[in-house]
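Peer 1: Mind looking over this structure? Questions follow.
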Amino acid sequence: MGRWSWTLFIALALLCTLPAEARAKSFNVSGDTKDGKLEARVECGGTGGAVTACEFLLVFDPAVMEFAGSPEVEGGYGVSSVEGGTLRTVFSAWENGSGLESMSFEFRARKGADISRATVEVGIGSIITEAGPLPDVPPVSVGGNGKPLPSSQAELLTLKPSAGALEPEFSTEVTEYGVSVPYEVTEMTFGMSASPGAKVGVNRKNLGAGGSTTSFRLTVTAEDGVTKQVYQVDVYRGEYMAPTPKPAPTPKPTAAPKPAPTPKPAKTPGPTATPKPTAAPKEAPSQRPSNSPKARNTAAPSGAPKTPEAGSYGPDLPLTEVVTVQSTRNATVTRLAEGVLIFSAAAGIAWLVIWLRHRGKKR
């Protein structure tokens, strides 16, 4: 009996002299940066009872990064709170579970920040296992691998529609806009620039029917290929309106023609000088009646002389024949004189009329 007692005492003494690590849970703390994010991971292993509760304390630079959200937990659940640059997470195991297996914490780079060299200190305290409490794990720094990280910035820096104007005016922080365009516009394009390394995609190009609104979604994908931000532009296209016919131009008033000058009244020609009456031709002096010839004996006496030749006048020719010849010559002369006077008067009157007309035209 005494031998067994001594044997048990020696075994307990040896157990108490073993290193603490040999009978405690181990915590492996690691970190990595990828796609603009820093991940801190804690894995629980080793011997001993399961870890049923513990508290994680992580310290980071809030100007460079921010906590992305709830941690990923295996073997239980965690409740987190952030104050300044300190993240506190309390772990509790599931009932009848195997206890803590792993815990992952994700931090995301802030806008324009570079976390390629940033670090996070991870400490573990208040560790409770099935076998009892364990000492705190001192803070361990993770991250800072020196590799350049792709940017997680996904923002539009400029935005200008091909027609119309944005309402409200563009701002990087504003993600919803409206634009109104006339019916004649059938498609929309946008001039824009985004964060360095980011890409922008537009879901459509054509507008809907007149009087409708079409939504354009501009998706900005950061350089890391994960972070995205959507800007929406609602474009209203005006209704069709038949063109109003242009009114016919009013014709310029035609200048009234100047009235023709009233012709001056022609001067009344003075009375035509009455031509002097042509002197009446003097009547030919009436011939004195010839004395009736004395009756003579028609029978020629025997021994009477021969009849004289024509044209010869002699005292023996009858007196009546001589008077007749003289009267005919005077009548012919008188007619000629009258014709000359009538012709002269007519010519004078005609010349006077022509002269008066010519003078009137000159005036």
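Ordering of the structure tokens sets the chain letters (A, B, ...), residue numbers begin anew at 1 in every chain, and ligands are numbered from 1 in the order given.
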Which residues come within 12 Å of A:Ala63, counting only C-alpha atoms, excluding same-chain residues fewer than 3 positions away, as a list of chain:residue names?

Peer 2: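 Non-adjacent residues within range: A:Phe60, A:Glu66, A:Phe67, A:Gly84, A:Gly85, A:Phe107, A:Arg108, A:Ala109, A:Arg110, A:Lys111, A:Gly112, A:Ala113, A:Asp114, A:Ile115, A:Ala118.
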
Peer 1: Create the file for the chosen residues now, containing C-alpha atoms and written as a PDB file, in the first residue's frame.

Peer 2:
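Printed below is result_10.pdb as written:
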```
ATOM      1  CA  PHE A  60      -4.428  48.741 -36.220  1.00  0.00           C
ATOM      2  CA  GLU A  66     -10.742  49.715 -41.418  1.00  0.00           C
ATOM      3  CA  PHE A  67     -12.308  46.548 -40.041  1.00  0.00           C
ATOM      4  CA  GLY A  84     -10.654  54.008 -32.583  1.00  0.00           C
ATOM      5  CA  GLY A  85      -7.843  51.736 -33.715  1.00  0.00           C
ATOM      6  CA  PHE A 107      -9.126  44.732 -42.708  1.00  0.00           C
ATOM      7  CA  ARG A 108      -9.684  46.844 -45.826  1.00  0.00           C
ATOM      8  CA  ALA A 109      -7.514  49.726 -47.035  1.00  0.00           C
ATOM      9  CA  ARG A 110      -9.099  53.144 -46.832  1.00  0.00           C
ATOM     10  CA  LYS A 111      -9.577  55.342 -49.886  1.00  0.00           C
ATOM     11  CA  GLY A 112      -6.236  56.250 -51.392  1.00  0.00           C
ATOM     12  CA  ALA A 113      -4.251  54.448 -48.643  1.00  0.00           C
ATOM     13  CA  ASP A 114      -1.511  51.868 -49.146  1.00  0.00           C
ATOM     14  CA  ILE A 115      -1.588  48.971 -46.699  1.00  0.00           C
ATOM     15  CA  ALA A 118       0.771  48.082 -42.689  1.00  0.00           C
TER      16      ALA A 118
END
```

Peer 1: Using only C-alpha atoms, which of the listed residues (A:Leu134, A:Arg204, A:Leu166, A:Thr254) sits closest to A:Thr52?

Peer 2: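 With only C-alpha atoms as the atom set, the closest residue is A:Leu134.
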
Peer 1: Rounded to one decimal in Å, what is the spacing between atom CA of A:Glu95 and atom CA of A:Gly76?

Peer 2: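 Those two atoms sit 8.5 Å apart.
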
Peer 1: Using only C-alpha atoms for the distances, tell me which of A:Ala260, A:Phe190, A:Pro196, A:Tyr183 is nearest to A:Glu239.

Peer 2: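 So, comparing all the options, the nearest one is A:Tyr183.
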
Peer 1: Counting only C-alpha atoms, which of A:Gly164, A:Gly178, A:Gly31, A:Pro243 gets nearest to A:Ser215?

Peer 2: A:Gly178

Peer 1: Grab the atom CA of A:Thr172 to atom CA of A:Thr189 distance for me, in Å with one decimal place.

Peer 2: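 These atoms are spaced 18.7 Å apart.
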
Peer 1: Please identify all polymer residues within 6 Å of A:Arg217, counting only C-alpha atoms, omitting same-chain residues fewer than 6 positions from it, and present them as a list in words.

Peer 2: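 Residues near the query, excluding close chain neighbours: Val202, Asn203, Tyr231 and Gln232 of chain A.
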
Peer 1: Separation of atom CA of A:Phe105 and atom CA of A:Gly46, in Å?

Peer 2: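 Separation between atom CA of A:Phe105 and atom CA of A:Gly46: 21.5 Å.
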
Peer 1: Extract, using only C-alpha atoms, all DNA, RNA and protein residues at most 7 Å from A:Thr227, discarding same-chain residues fewer than 3 positions from it, and format them as a VMD selection string.

Peer 2: chain A and resid 152 154 221 to 222 224

Peer 1: Set the distance at 8 Å and use only C-alpha atoms: which residues neighbour A:Glu55 once local chain neighbours fewer than 2 positions away are removed? I'd like the list as a VMD selection string.

Peer 2: chain A and resid 53 57 88 to 91 124 to 127

Peer 1: Go ahead and save the picked residues with C-alpha atoms, as a tab-separated table (two decimals), in the first residue's frame.

Peer 2:
```tsv
chain	number	residue	atom	x	y	z
A	53	ALA	CA	-13.98	31.26	-24.30
A	57	LEU	CA	-7.54	42.29	-29.00
A	88	ARG	CA	-12.18	43.71	-29.42
A	89	THR	CA	-13.82	40.34	-30.17
A	90	VAL	CA	-15.16	37.92	-27.52
A	91	PHE	CA	-15.35	34.24	-28.48
A	124	ILE	CA	-5.31	36.87	-26.94
A	125	GLY	CA	-6.42	37.05	-23.32
A	126	SER	CA	-8.93	35.65	-20.81
A	127	ILE	CA	-8.47	32.16	-22.25
```

Peer 1: Which one of A:Gly75, A:Pro182, A:Gly123, A:Pro245 sits closest to A:Leu87 if you count only C-alpha atoms?

Peer 2: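 Checking each of A:Gly75, A:Pro182, A:Gly123, A:Pro245 against A:Leu87, counting only C-alpha atoms, the winner is A:Gly123.
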
Peer 1: Taking only C-alpha atoms into account, which of A:Val233, A:Ala131, A:Val185, A:Val137 comes nearest A:Pro168?

Peer 2: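 Under the stated criterion, the closest residue is A:Val233.
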